[in-house]
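Text of work22.csv (CSV, C-alpha atoms and all ligand atoms) as supplied:
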```csv
chain,number,residue,atom,x,y,z
A,1,MET,CA,134.6,92.7,115.2
A,2,ASN,CA,137.4,93.8,112.8
A,3,CYS,CA,135.5,96.2,110.6
A,4,PRO,CA,136.8,98.8,108.2
A,5,ALA,CA,133.5,100.7,108.4
A,6,PHE,CA,134.4,101.5,112.0
A,7,ALA,CA,136.9,104.1,110.7
A,8,GLU,CA,134.0,105.9,108.8
A,9,LEU,CA,132.0,106.4,112.0
A,10,ASP,CA,131.7,110.0,113.1
A,11,ALA,CA,132.4,111.3,116.7
A,12,ASP,CA,128.7,111.8,117.4
A,13,ALA,CA,127.9,108.1,116.6
A,14,LEU,CA,130.7,106.9,118.8
A,15,ALA,CA,129.7,109.2,121.6
A,16,HIS,CA,126.1,107.9,121.2
A,17,SER,CA,127.3,104.3,121.5
A,18,ARG,CA,129.4,105.2,124.5
A,19,ARG,CA,126.4,106.7,126.3
A,20,LEU,CA,124.4,103.5,125.7
A,21,VAL,CA,127.4,101.4,126.9
A,22,GLU,CA,127.4,103.5,130.1
A,23,LEU,CA,123.7,103.0,130.6
A,24,ILE,CA,124.0,99.2,130.2
A,25,ARG,CA,127.1,99.1,132.5
A,26,ARG,CA,125.1,101.0,135.2
A,27,GLU,CA,122.2,98.5,134.9
A,28,ILE,CA,124.6,95.6,135.2
A,29,ALA,CA,126.2,97.2,138.3
A,30,SER,CA,122.8,97.7,139.9
A,31,SER,CA,121.8,94.1,139.1
A,32,GLN,CA,124.6,92.4,141.1
A,33,GLY,CA,127.0,92.4,138.1
A,34,TRP,CA,124.8,90.4,135.7
A,35,ILE,CA,121.9,90.9,133.3
A,36,GLY,CA,120.3,88.2,131.1
A,37,PHE,CA,121.0,88.5,127.4
A,38,ASP,CA,117.4,89.3,126.8
A,39,ARG,CA,117.8,92.5,128.9
A,40,PHE,CA,121.0,93.4,127.1
A,41,MET,CA,119.3,93.0,123.7
A,42,GLN,CA,116.3,95.1,124.9
A,43,LEU,CA,118.6,97.9,126.0
A,44,ALA,CA,120.9,97.7,123.0
A,45,LEU,CA,117.9,97.9,120.6
A,46,TYR,CA,115.2,99.8,122.5
A,47,ALA,CA,116.7,101.9,125.4
A,48,PRO,CA,114.8,105.2,125.1
A,49,GLY,CA,116.7,107.6,122.9
A,50,LEU,CA,119.8,105.4,122.7
A,51,GLY,CA,118.9,101.9,121.5
A,52,TYR,CA,119.5,101.0,117.9
A,53,TYR,CA,115.8,101.3,117.0
A,54,SER,CA,115.0,104.2,119.4
A,55,GLY,CA,118.0,106.3,118.3
A,56,GLY,CA,119.0,108.0,115.0
A,57,ALA,CA,120.7,105.2,113.1
A,58,THR,CA,119.5,104.9,109.5
A,59,LYS,CA,118.8,101.2,109.9
A,60,LEU,CA,117.0,100.0,106.7
A,61,GLY,CA,118.1,100.5,103.1
A,62,ALA,CA,121.3,101.1,101.2
A,63,GLY,CA,122.6,103.8,103.6
A,64,GLY,CA,121.7,101.7,106.6
A,65,ASP,CA,122.7,98.3,108.0
A,66,PHE,CA,120.3,95.8,106.3
A,67,VAL,CA,117.8,95.4,103.6
A,68,THR,CA,114.4,93.8,104.1
A,69,ALA,CA,112.1,92.3,101.4
A,70,PRO,CA,109.9,95.4,101.2
A,71,GLU,CA,113.0,97.5,100.8
A,72,LEU,CA,114.4,95.1,98.1
A,73,SER,CA,111.4,95.2,95.8
A,74,PRO,CA,107.9,96.6,95.4
A,75,LEU,CA,107.0,93.2,94.0
A,76,TYR,CA,107.1,91.8,97.5
A,77,SER,CA,104.6,94.1,99.1
A,78,ARG,CA,102.3,94.1,96.0
A,79,THR,CA,102.2,90.3,96.1
A,80,LEU,CA,101.6,90.3,99.9
A,81,ALA,CA,98.8,92.8,99.4
A,82,ARG,CA,96.8,90.1,97.5
A,83,GLN,CA,96.7,88.0,100.7
A,84,ILE,CA,96.0,91.1,102.9
A,85,GLY,CA,93.2,92.1,100.6
A,86,ASP,CA,91.6,88.7,100.9
A,87,VAL,CA,91.7,88.8,104.6
A,88,VAL,CA,90.3,92.4,104.7
A,89,LEU,CA,87.4,91.2,102.6
A,90,LEU,CA,86.8,87.9,104.5
A,91,SER,CA,86.8,89.7,107.9
A,92,ALA,CA,85.3,93.0,106.8
A,93,GLY,CA,88.2,94.5,108.6
A,94,ASP,CA,91.2,96.8,108.6
A,95,VAL,CA,95.0,96.4,108.4
A,96,LEU,CA,97.3,96.6,111.4
A,97,GLU,CA,101.1,96.6,110.7
A,98,LEU,CA,103.5,96.2,113.5
A,99,GLY,CA,107.0,97.6,113.0
A,100,ALA,CA,106.6,99.3,109.7
A,101,GLY,CA,110.3,100.2,109.2
A,102,SER,CA,110.6,102.9,106.5
A,103,GLY,CA,106.9,102.7,105.6
A,104,ARG,CA,107.6,101.3,102.2
A,105,MET,CA,105.5,98.2,102.7
A,106,ALA,CA,102.5,100.2,103.9
A,107,GLU,CA,102.9,102.5,100.9
A,108,GLU,CA,103.0,99.7,98.3
A,109,VAL,CA,100.2,97.6,100.0
A,110,LEU,CA,97.9,100.6,100.1
A,111,LEU,CA,98.6,101.4,96.4
A,112,ALA,CA,98.0,97.7,95.5
A,113,LEU,CA,94.8,97.5,97.5
A,114,ASP,CA,93.6,100.7,95.8
A,115,ASP,CA,94.2,99.1,92.4
A,116,THR,CA,92.0,96.2,93.3
A,117,GLY,CA,89.3,98.3,95.0
A,118,VAL,CA,89.6,96.5,98.4
A,119,LEU,CA,90.7,99.3,100.6
A,120,PRO,CA,90.4,98.9,104.4
A,121,ALA,CA,88.9,101.9,106.2
A,122,ARG,CA,92.0,102.1,108.4
A,123,TYR,CA,95.6,101.1,108.0
A,124,LEU,CA,97.0,101.2,111.5
A,125,ILE,CA,100.7,101.2,112.3
A,126,LEU,CA,102.1,100.2,115.7
A,127,GLU,CA,105.8,101.3,115.7
A,128,VAL,CA,108.0,101.4,118.8
A,129,SER,CA,110.7,103.5,117.1
A,130,GLY,CA,109.9,107.3,117.2
A,131,GLN,CA,112.5,107.9,114.5
A,132,LEU,CA,111.1,105.2,112.2
A,133,ALA,CA,107.5,106.4,112.8
A,134,GLU,CA,108.6,109.9,111.7
A,135,ARG,CA,110.1,108.4,108.6
A,136,GLN,CA,106.9,106.5,107.9
A,137,ARG,CA,104.8,109.7,108.3
A,138,GLN,CA,107.0,111.5,105.8
A,139,ARG,CA,106.7,108.8,103.3
A,140,LEU,CA,103.0,108.1,103.6
A,141,ARG,CA,101.9,111.7,103.6
A,142,ASN,CA,102.9,111.7,99.9
A,143,LEU,CA,100.2,109.1,99.1
A,144,PRO,CA,97.0,110.3,97.5
A,145,GLU,CA,94.8,111.8,100.2
A,146,ARG,CA,92.2,109.0,99.9
A,147,LEU,CA,95.0,106.6,101.0
A,148,ALA,CA,97.0,108.8,103.3
A,149,SER,CA,93.8,109.6,105.3
A,150,ARG,CA,93.4,105.9,106.2
A,151,VAL,CA,96.8,105.6,107.9
A,152,ALA,CA,97.0,106.1,111.7
A,153,TRP,CA,99.7,105.4,114.2
A,154,ILE,CA,98.8,103.8,117.5
A,155,ASP,CA,101.1,103.4,120.5
A,156,ARG,CA,99.6,100.2,121.9
A,157,LEU,CA,97.6,97.3,120.7
A,158,PRO,CA,93.9,98.1,120.4
A,159,ASP,CA,91.5,96.3,122.7
A,160,ALA,CA,89.9,94.5,119.8
A,161,PHE,CA,90.7,94.2,116.1
A,162,ARG,CA,89.2,92.7,112.9
A,163,GLY,CA,91.3,92.3,109.8
A,164,ALA,CA,94.9,91.5,108.8
A,165,VAL,CA,97.7,91.9,111.2
A,166,VAL,CA,101.1,91.9,109.5
A,167,LEU,CA,104.6,91.6,111.1
A,168,ASN,CA,107.4,91.6,108.5
A,169,GLU,CA,110.8,91.0,110.0
A,170,VAL,CA,109.7,92.3,113.4
A,171,LEU,CA,110.0,89.2,115.6
A,172,ASP,CA,113.7,88.6,114.7
A,173,ALA,CA,114.4,91.9,116.4
A,174,LEU,CA,112.8,91.1,119.7
A,175,PRO,CA,114.8,90.1,122.8
A,176,VAL,CA,115.7,86.5,123.4
A,177,HIS,CA,117.3,84.6,126.2
A,178,LEU,CA,120.5,82.7,125.6
A,179,ILE,CA,120.7,79.2,127.1
A,180,THR,CA,123.6,76.8,127.4
A,181,TRP,CA,123.1,73.1,127.8
A,182,SER,CA,126.1,71.2,129.1
A,183,GLU,CA,127.0,68.0,130.9
A,184,SER,CA,126.7,70.0,134.2
A,185,GLY,CA,123.3,71.3,133.4
A,186,ILE,CA,121.3,74.2,131.9
A,187,ARG,CA,122.6,77.7,132.4
A,188,GLU,CA,121.4,81.1,131.2
A,189,ARG,CA,124.1,83.1,129.3
A,190,GLY,CA,124.1,86.7,130.4
A,191,VAL,CA,126.3,89.8,130.3
A,192,ALA,CA,128.7,91.1,132.9
A,193,SER,CA,131.2,93.9,132.5
A,194,SER,CA,135.0,93.8,132.9
A,195,ALA,CA,137.1,97.0,133.3
A,196,ASP,CA,136.5,98.1,129.7
A,197,ALA,CA,134.2,95.6,127.9
A,198,PHE,CA,131.1,93.5,128.2
A,199,VAL,CA,131.8,89.8,128.8
A,200,TRP,CA,129.7,86.6,128.6
A,201,ASP,CA,128.8,85.1,132.0
A,202,ASP,CA,126.7,81.9,132.4
A,203,ARG,CA,124.7,81.5,135.5
A,204,THR,CA,122.3,78.8,136.9
A,205,ALA,CA,119.0,79.5,135.3
A,206,ASN,CA,116.6,80.3,138.2
A,207,ASP,CA,113.6,81.3,136.3
A,208,HIS,CA,111.4,78.2,136.6
A,209,LYS,CA,109.4,78.7,133.4
A,210,LEU,CA,112.6,79.4,131.4
A,211,LEU,CA,114.2,76.3,132.9
A,212,ALA,CA,111.2,74.2,132.1
A,213,ALA,CA,111.2,75.4,128.5
A,214,ALA,CA,114.9,74.7,128.2
A,215,ARG,CA,114.5,71.2,129.7
A,216,ARG,CA,111.7,70.3,127.3
A,217,LEU,CA,113.9,71.2,124.3
A,218,ASN,CA,116.8,69.2,125.6
A,219,PRO,CA,119.2,69.4,122.6
A,220,PRO,CA,122.4,67.3,122.8
A,221,ALA,CA,125.0,69.0,125.0
A,222,PRO,CA,127.2,71.0,124.6
A,223,TYR,CA,124.7,73.3,123.0
A,224,LEU,CA,124.0,77.1,122.9
A,225,SER,CA,120.8,78.6,121.5
A,226,GLU,CA,118.2,81.2,122.0
A,227,LEU,CA,114.9,80.9,123.7
A,228,ALA,CA,112.3,83.5,122.7
A,229,ARG,CA,109.5,84.6,125.0
A,230,VAL,CA,108.7,88.1,123.9
A,231,GLY,CA,107.7,87.1,120.4
A,232,PRO,CA,105.4,84.3,121.4
A,233,ALA,CA,103.9,86.6,124.1
A,234,LEU,CA,103.2,89.2,121.4
A,235,LEU,CA,101.4,86.5,119.3
A,236,ALA,CA,99.4,85.5,122.4
A,237,ALA,CA,98.4,89.2,122.9
A,238,LEU,CA,97.4,89.5,119.3
A,239,GLY,CA,95.3,86.3,119.7
A,240,GLY,CA,93.6,88.0,122.6
A,241,ILE,CA,92.4,91.0,120.6
A,242,LEU,CA,91.7,89.4,117.2
A,243,GLU,CA,87.9,89.1,116.8
A,244,CYS,CA,88.1,87.9,113.2
A,245,GLY,CA,91.0,87.9,110.8
A,246,VAL,CA,94.5,86.7,110.4
A,247,VAL,CA,97.9,87.4,111.9
A,248,LEU,CA,100.6,87.0,109.2
A,249,VAL,CA,104.2,86.8,110.4
A,250,ILE,CA,107.0,86.8,107.8
A,251,ASP,CA,110.5,86.3,109.0
A,252,TYR,CA,113.6,84.1,108.8
A,253,GLY,CA,113.5,81.0,110.9
A,254,PHE,CA,112.3,77.4,111.2
A,255,GLY,CA,110.1,75.1,113.2
A,256,GLU,CA,111.4,73.8,116.5
A,257,ARG,CA,113.0,70.6,115.3
A,258,GLU,CA,115.1,72.4,112.8
A,259,TYR,CA,115.8,75.4,115.1
A,260,TYR,CA,117.2,73.1,117.8
A,261,HIS,CA,118.8,70.7,115.4
A,262,PRO,CA,122.0,69.0,116.9
A,263,GLN,CA,124.1,70.6,114.2
A,264,ARG,CA,122.9,74.2,115.0
A,265,ASN,CA,124.7,74.1,118.3
A,266,ARG,CA,125.9,77.7,118.3
A,267,GLY,CA,122.4,79.3,118.0
A,268,THR,CA,121.3,81.8,115.4
A,269,LEU,CA,122.3,85.2,116.9
A,270,MET,CA,123.3,87.6,114.2
A,271,CYS,CA,124.3,91.3,114.0
A,272,HIS,CA,124.1,93.7,111.1
A,273,PHE,CA,126.3,96.7,110.7
A,274,ARG,CA,126.6,98.5,107.4
A,275,HIS,CA,125.5,95.5,105.4
A,276,ARG,CA,128.0,93.2,107.2
A,277,ALA,CA,126.7,90.3,109.1
A,278,HIS,CA,128.7,89.1,112.2
A,279,ASP,CA,128.0,87.5,115.6
A,280,ASP,CA,129.3,89.9,118.1
A,281,PRO,CA,126.4,91.6,119.9
A,282,PHE,CA,128.8,93.7,122.0
A,283,PHE,CA,130.1,95.6,119.0
A,284,LEU,CA,129.1,99.2,119.0
A,285,PRO,CA,125.9,98.9,121.0
A,286,GLY,CA,123.2,101.2,119.6
A,287,LEU,CA,124.8,101.4,116.2
A,288,GLN,CA,124.1,97.9,115.0
A,289,ASP,CA,121.1,95.6,114.7
A,290,ILE,CA,121.0,92.4,116.8
A,291,THR,CA,118.7,89.6,115.6
A,292,SER,CA,117.9,85.9,116.0
A,293,HIS,CA,116.0,83.5,113.9
A,294,VAL,CA,112.3,82.9,114.7
A,295,ASP,CA,111.1,79.6,116.2
A,296,PHE,CA,107.8,79.2,114.3
A,297,THR,CA,106.7,76.3,116.4
A,298,ALA,CA,106.8,78.5,119.5
A,299,LEU,CA,104.7,81.1,117.7
A,300,ALA,CA,102.1,78.6,116.5
A,301,ARG,CA,101.9,77.2,120.0
A,302,ALA,CA,101.4,80.7,121.6
A,303,GLY,CA,98.8,81.7,119.0
A,304,MET,CA,96.9,78.5,119.4
A,305,GLN,CA,96.9,78.7,123.1
A,306,ALA,CA,95.3,82.1,122.7
A,307,GLY,CA,92.5,80.5,120.7
A,308,LEU,CA,93.8,81.1,117.1
A,309,ASP,CA,93.7,78.5,114.4
A,310,LEU,CA,96.9,77.7,112.5
A,311,VAL,CA,95.8,78.7,109.0
A,312,GLY,CA,99.1,78.0,107.1
A,313,TYR,CA,102.8,77.8,107.3
A,314,THR,CA,105.1,77.8,104.3
A,315,THR,CA,108.3,79.2,102.7
A,316,GLN,CA,108.4,82.8,101.4
A,317,ALA,CA,108.9,81.4,97.9
A,318,ASN,CA,105.8,79.2,98.0
A,319,PHE,CA,103.8,82.0,99.5
A,320,LEU,CA,104.7,84.5,96.9
A,321,VAL,CA,104.4,82.1,94.0
A,322,ASN,CA,101.0,80.9,95.3
A,323,LEU,CA,99.9,84.6,95.3
A,324,GLY,CA,101.0,85.1,91.7
A,325,ILE,CA,104.3,87.0,91.9
A,326,THR,CA,105.2,85.7,88.5
A,327,GLU,CA,102.0,87.0,87.1
A,328,LEU,CA,102.6,90.4,88.6
A,329,MET,CA,106.0,90.4,86.9
A,330,THR,CA,104.4,90.0,83.5
A,331,LEU,CA,102.7,93.4,83.9
A,332,THR,CA,106.2,94.8,83.1
A,333,PRO,CA,107.0,93.7,79.5
A,334,ALA,CA,110.3,91.8,79.2
A,335,GLN,CA,111.1,93.9,76.1
A,336,ASP,CA,111.4,96.9,78.5
A,337,ALA,CA,114.7,95.6,79.7
A,338,GLY,CA,115.5,98.7,81.8
A,339,ALA,CA,112.4,98.0,84.0
A,340,TYR,CA,112.1,94.3,83.6
A,341,LEU,CA,115.7,93.2,84.4
A,342,PRO,CA,115.9,94.8,87.9
A,343,LEU,CA,112.5,93.2,88.7
A,344,ALA,CA,113.7,89.8,87.6
A,345,ALA,CA,116.8,90.2,89.8
A,346,GLN,CA,114.6,91.2,92.8
A,347,ALA,CA,112.3,88.2,92.2
A,348,GLN,CA,115.3,85.9,92.1
A,349,LYS,CA,116.4,87.2,95.6
A,350,LEU,CA,112.9,86.9,97.0
A,351,LEU,CA,112.3,83.4,95.7
A,352,SER,CA,115.7,81.6,95.3
A,353,PRO,CA,116.4,78.9,97.9
A,354,ALA,CA,119.9,80.3,98.2
A,355,GLU,CA,118.6,83.7,99.1
A,356,MET,CA,115.3,84.5,100.9
A,357,GLY,CA,113.1,81.9,99.4
A,358,GLU,CA,113.5,79.1,101.8
A,359,LEU,CA,115.0,80.6,105.0
A,360,PHE,CA,112.1,83.1,105.2
A,361,LYS,CA,108.8,81.5,106.3
A,362,VAL,CA,105.2,82.8,106.5
A,363,ILE,CA,102.9,81.7,109.2
A,364,ALA,CA,99.2,82.6,109.4
A,365,LEU,CA,97.2,82.3,112.6
A,366,GLY,CA,93.6,83.3,112.5
A,367,ARG,CA,90.1,83.4,113.9
A,368,GLY,CA,86.8,83.1,112.2
A,369,ILE,CA,88.3,82.6,108.7
A,370,ASP,CA,86.7,79.5,107.2
A,371,ARG,CA,88.3,79.7,103.8
A,372,ALA,CA,91.8,78.4,102.9
A,373,LEU,CA,94.2,81.3,102.2
A,374,ALA,CA,95.6,81.5,98.7
A,375,GLY,CA,99.2,82.0,99.9
A,376,PHE,CA,99.3,78.5,101.3
A,377,ARG,CA,97.5,76.7,98.4
A,378,ALA,CA,100.6,74.6,97.5
A,379,GLY,CA,103.5,73.7,99.8
A,380,ASP,CA,101.8,74.1,103.2
A,381,MET,CA,104.2,72.8,105.8
A,382,SER,CA,102.0,73.2,109.0
A,383,ARG,CA,102.6,69.6,109.8
A,384,LEU,CA,106.3,70.4,110.4
A,385,LEU,CA,105.5,72.7,113.3
B,401,LIG,C1,113.9,94.8,111.1
B,401,LIG,S1,112.8,96.1,111.1
B,401,LIG,C2,111.6,95.6,109.9
B,401,LIG,C3,110.9,96.8,109.3
B,401,LIG,C4,109.8,96.5,108.3
B,401,LIG,N1,108.8,95.7,108.8
B,401,LIG,C5,110.5,95.9,107.1
B,401,LIG,O1,110.3,94.7,106.9
B,401,LIG,O2,111.2,96.6,106.3
B,401,LIG,C6,111.9,95.9,112.7
B,401,LIG,C7,110.8,96.9,112.9
B,401,LIG,O3,110.1,96.5,114.1
B,401,LIG,C8,109.9,97.5,114.9
B,401,LIG,N2,109.6,97.0,116.3
B,401,LIG,C9,110.4,96.3,117.1
B,401,LIG,N3,109.7,95.8,118.2
B,401,LIG,C10,108.4,96.2,118.0
B,401,LIG,C11,107.2,96.0,118.7
B,401,LIG,N4,107.2,95.4,119.9
B,401,LIG,N5,106.1,96.5,118.3
B,401,LIG,C12,106.1,97.2,117.1
B,401,LIG,N6,107.2,97.4,116.3
B,401,LIG,C13,108.3,96.9,116.8
B,401,LIG,C14,111.2,98.3,114.8
B,401,LIG,O4,111.2,99.6,115.3
B,401,LIG,C15,111.3,98.3,113.2
B,401,LIG,O5,110.4,99.2,112.6
```
Could the structure of this file be written out as structure tokens, please?
Amino acid sequence: MNCPAFAELDADALAHSRRLVELIRREIASSQGWIGFDRFMQLALYAPGLGYYSGGATKLGAGGDFVTAPELSPLYSRTLARQIGDVVLLSAGDVLELGAGSGRMAEEVLLALDDTGVLPARYLILEVSGQLAERQRQRLRNLPERLASRVAWIDRLPDAFRGAVVLNEVLDALPVHLITWSESGIRERGVASSADAFVWDDRTANDHKLLAAARRLNPPAPYLSELARVGPALLAALGGILECGVVLVIDYGFGEREYYHPQRNRGTLMCHFRHRAHDDPFFLPGLQDITSHVDFTALARAGMQAGLDLVGYTTQANFLVNLGITELMTLTPAQDAGAYLPLAAQAQKLLSPAEMGELFKVIALGRGIDRALAGFRAGDMSRLL
């Protein structure tokens, strides 16, 4: 990638990336010269101490590489808290947030739940990044003691859970396989290394389950796309532990038909470095985020196979409007322009079809919840999955 921000990188950051490149090259060498893209993405993002999420990069926010909805506006988390509060009440349960980023969503959700008097006994966070977990601790210890004392970090899924499980922009950061469909067959796109760079290398897919999944999708060749297995497996695992409650996943993506649409024949892989989006996952490994869109049909299927019910699926805009984001905005008087205008601009980003409103979706998969959830009252699109 031709990127002016490259010049701003300090020697430590470049050395960090070089160490990760060396680690990946060693793994490629010891794997007969080839690793699947899923493994490359796993190492680039999560190699202990060196991966993008495991290492020291700022990641979220203005000084980082990308901005998520909770970073963009407190309105987002405060609106989402309404749905979380309902689930906590209906299940008499707790909250479990996976991948809590800077901790901003946890902070706002706890404050909002406190306002409504529906506080869970525990707000659990499962975070794979030690650096982000520390950032979360620093932020959340400033909450009033009655809220801070409810927050606990866990390092694996509990054996059983009741309540609301929330994953906001987590699944897009999980490793995916890359698959090519061509006249000559289905191949897995992986990574090899030349003298001084990583290079793409397509091989016959010999993983039978992967091949079967790719055959079933069967988009018109030539076609390149991602196939996600880690995200659906995580949903299945959540389905296995959820006694009563709802798993809410919010992320960018579509149902299968749209994901593997004939016109989307270059896939959805995207990288973020200093607020620039591009499509080169080999650029500065360890210093940039690598993501792909989420296939919500695959999530629904995995959750339902694990015994969960599909409770709802809709766009972020519908979900937030159903939950009363506009009403929350009116709590700030329009006459107070200094406070109101930034909120209005944030709401526009969250809701506009040209921004996050339609690309981002919300899916709810639950067990033992016999009431419709408010977030899906109008505009439920479950039939599209
Ligand atoms: C793109 S960030 C989103 C952070 C936050 N949810 C937000 O919306 O601002 C992805 C987060 O997921 C975490 N993560 C990635 N894989 C995870 C996993 N398997 N379990 C828990 N957290 C994970 C990352 O460390 C990071 O905190």
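Closest approach to Gly324 in chain A from the set A:Leu248, A:Ala160, A:Val151, A:Leu75 is made by A:Leu75, with distances taken over only C-alpha atoms.
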For this session: Using only C-alpha atoms and all ligand atoms, find each residue with an atom at most 7 Å away from ligand LIG 401 (chain B) and format the answer as a VMD selection string.
Result: chain A and resid 53 60 68 to 71 98 to 102 105 126 to 129 132 167 to 170 173 to 174
Seminar exercise, completed: Counting only C-alpha atoms, closest pick from A:Ala13, A:Val21, A:Leu217, A:Ala236 relative to Gly55 in chain A is A:Ala13
Exercise. So, counting only C-alpha atoms, which residue among A:Ala15, A:Ala92, A:Ala195, A:Val67 is closest to Ala29 in chain A?
Worked result: A:Ala195
Exercise. Which polymer residues have any atom within 7 Å of an atom of range 225-231 of chain A, counting only C-alpha atoms, with same-chain residues fewer than 4 positions away left out, as a ChimeraX atom specification?
Worked result: /A:171,174-180,235,265-268
Spatial neighbours of Glu183 in chain A, 10 Å, only C-alpha atoms, chain gap at least 2 places, as a PDB file with C-alpha atoms, in the coordinates of the input:
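Resulting contents of selection-v2.pdb:
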```
ATOM      1  CA  TRP A 181     123.100  73.100 127.800  1.00  0.00           C
ATOM      2  CA  GLY A 185     123.300  71.300 133.400  1.00  0.00           C
ATOM      3  CA  ILE A 186     121.300  74.200 131.900  1.00  0.00           C
ATOM      4  CA  PRO A 220     122.400  67.300 122.800  1.00  0.00           C
ATOM      5  CA  ALA A 221     125.000  69.000 125.000  1.00  0.00           C
ATOM      6  CA  PRO A 222     127.200  71.000 124.600  1.00  0.00           C
ATOM      7  CA  TYR A 223     124.700  73.300 123.000  1.00  0.00           C
TER       8      TYR A 223
END
```
Within 9 Å of range 354-367 of chain A, counting all atoms listed in the file, which residues qualify if same-chain residues fewer than 4 places away don't, as a compact mmCIF listing (two decimals) with C-alpha atoms, in the coordinates of the input?
```txt
# COMPACT_ATOMS: atom_id res chain seq x y z
CA ALA A 69 112.10 92.30 101.40
CA LEU A 235 101.40 86.50 119.30
CA GLY A 239 95.30 86.30 119.70
CA LEU A 242 91.70 89.40 117.20
CA GLU A 243 87.90 89.10 116.80
CA CYS A 244 88.10 87.90 113.20
CA GLY A 245 91.00 87.90 110.80
CA VAL A 246 94.50 86.70 110.40
CA VAL A 247 97.90 87.40 111.90
CA LEU A 248 100.60 87.00 109.20
CA VAL A 249 104.20 86.80 110.40
CA ILE A 250 107.00 86.80 107.80
CA ASP A 251 110.50 86.30 109.00
CA TYR A 252 113.60 84.10 108.80
CA GLY A 253 113.50 81.00 110.90
CA PHE A 254 112.30 77.40 111.20
CA PHE A 296 107.80 79.20 114.30
CA LEU A 299 104.70 81.10 117.70
CA ALA A 300 102.10 78.60 116.50
CA GLY A 303 98.80 81.70 119.00
CA MET A 304 96.90 78.50 119.40
CA GLY A 307 92.50 80.50 120.70
CA LEU A 308 93.80 81.10 117.10
CA ASP A 309 93.70 78.50 114.40
CA LEU A 310 96.90 77.70 112.50
CA VAL A 311 95.80 78.70 109.00
CA GLY A 312 99.10 78.00 107.10
CA TYR A 313 102.80 77.80 107.30
CA THR A 314 105.10 77.80 104.30
CA THR A 315 108.30 79.20 102.70
CA GLN A 316 108.40 82.80 101.40
CA ALA A 317 108.90 81.40 97.90
CA ASN A 318 105.80 79.20 98.00
CA PHE A 319 103.80 82.00 99.50
CA GLN A 348 115.30 85.90 92.10
CA LYS A 349 116.40 87.20 95.60
CA LEU A 350 112.90 86.90 97.00
CA LEU A 373 94.20 81.30 102.20
CA GLY A 375 99.20 82.00 99.90
CA PHE A 376 99.30 78.50 101.30
CA SER A 382 102.00 73.20 109.00
```
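Of note, CA of Leu320 in chain A and CA of Arg82 in chain A are spaced 9.7 Å apart.
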For this session: Write out as a ChimeraX atom specification which residues come within 8 Å of Phe66 in chain A when counting only C-alpha atoms, dropping same-chain ones fewer than 2 positions away.
Result: /A:59-62,64,68,272-275
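Comparing the minimum interatomic distances between Ala81 in chain A and each of A:Pro144, A:Pro342, A:Gly117, A:Pro48, counting all atoms listed in the file, we find that A:Gly117 sits nearest.
Taking CA of His261 in chain A as the reference point, CA of Phe40 in chain A is found at 25.6 Å.
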Problem set entry | Top pick for closest residue to Ala152 in chain A, considering A:Arg122, A:Arg135, A:His278, A:His293 and counting all atoms listed in the file | A:Arg122
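In this structure, CA of Leu238 in chain A sits 7.9 Å away from CA of Leu157 in chain A.
Distances here use only C-alpha atoms; by that measure, the residue among A:Leu50, A:Ala11, A:Leu331, A:Ala213 closest to Leu23 in chain A is A:Leu50.
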Adding 8 Å on each side of the box along x, y and z that holds all listed atoms of range 149-152 of chain A, could you give its centre and edge lengths in Å to one decimal, as lines of an AutoDock Vina configuration file?
```
center_x = 95.2
center_y = 107.6
center_z = 108.5
size_x = 19.6
size_y = 20.0
size_z = 22.4
```
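Those residues that approach Ser194 in chain A to within 12 Å, counting only C-alpha atoms, are A:Arg25, A:Ile28, A:Ala29, A:Gly33, A:Trp34, A:Val191, A:Ala192, A:Asp196, A:Ala197, A:Phe198, A:Val199, A:Trp200, A:Asp201; same-chain residues fewer than 2 positions away are not listed.
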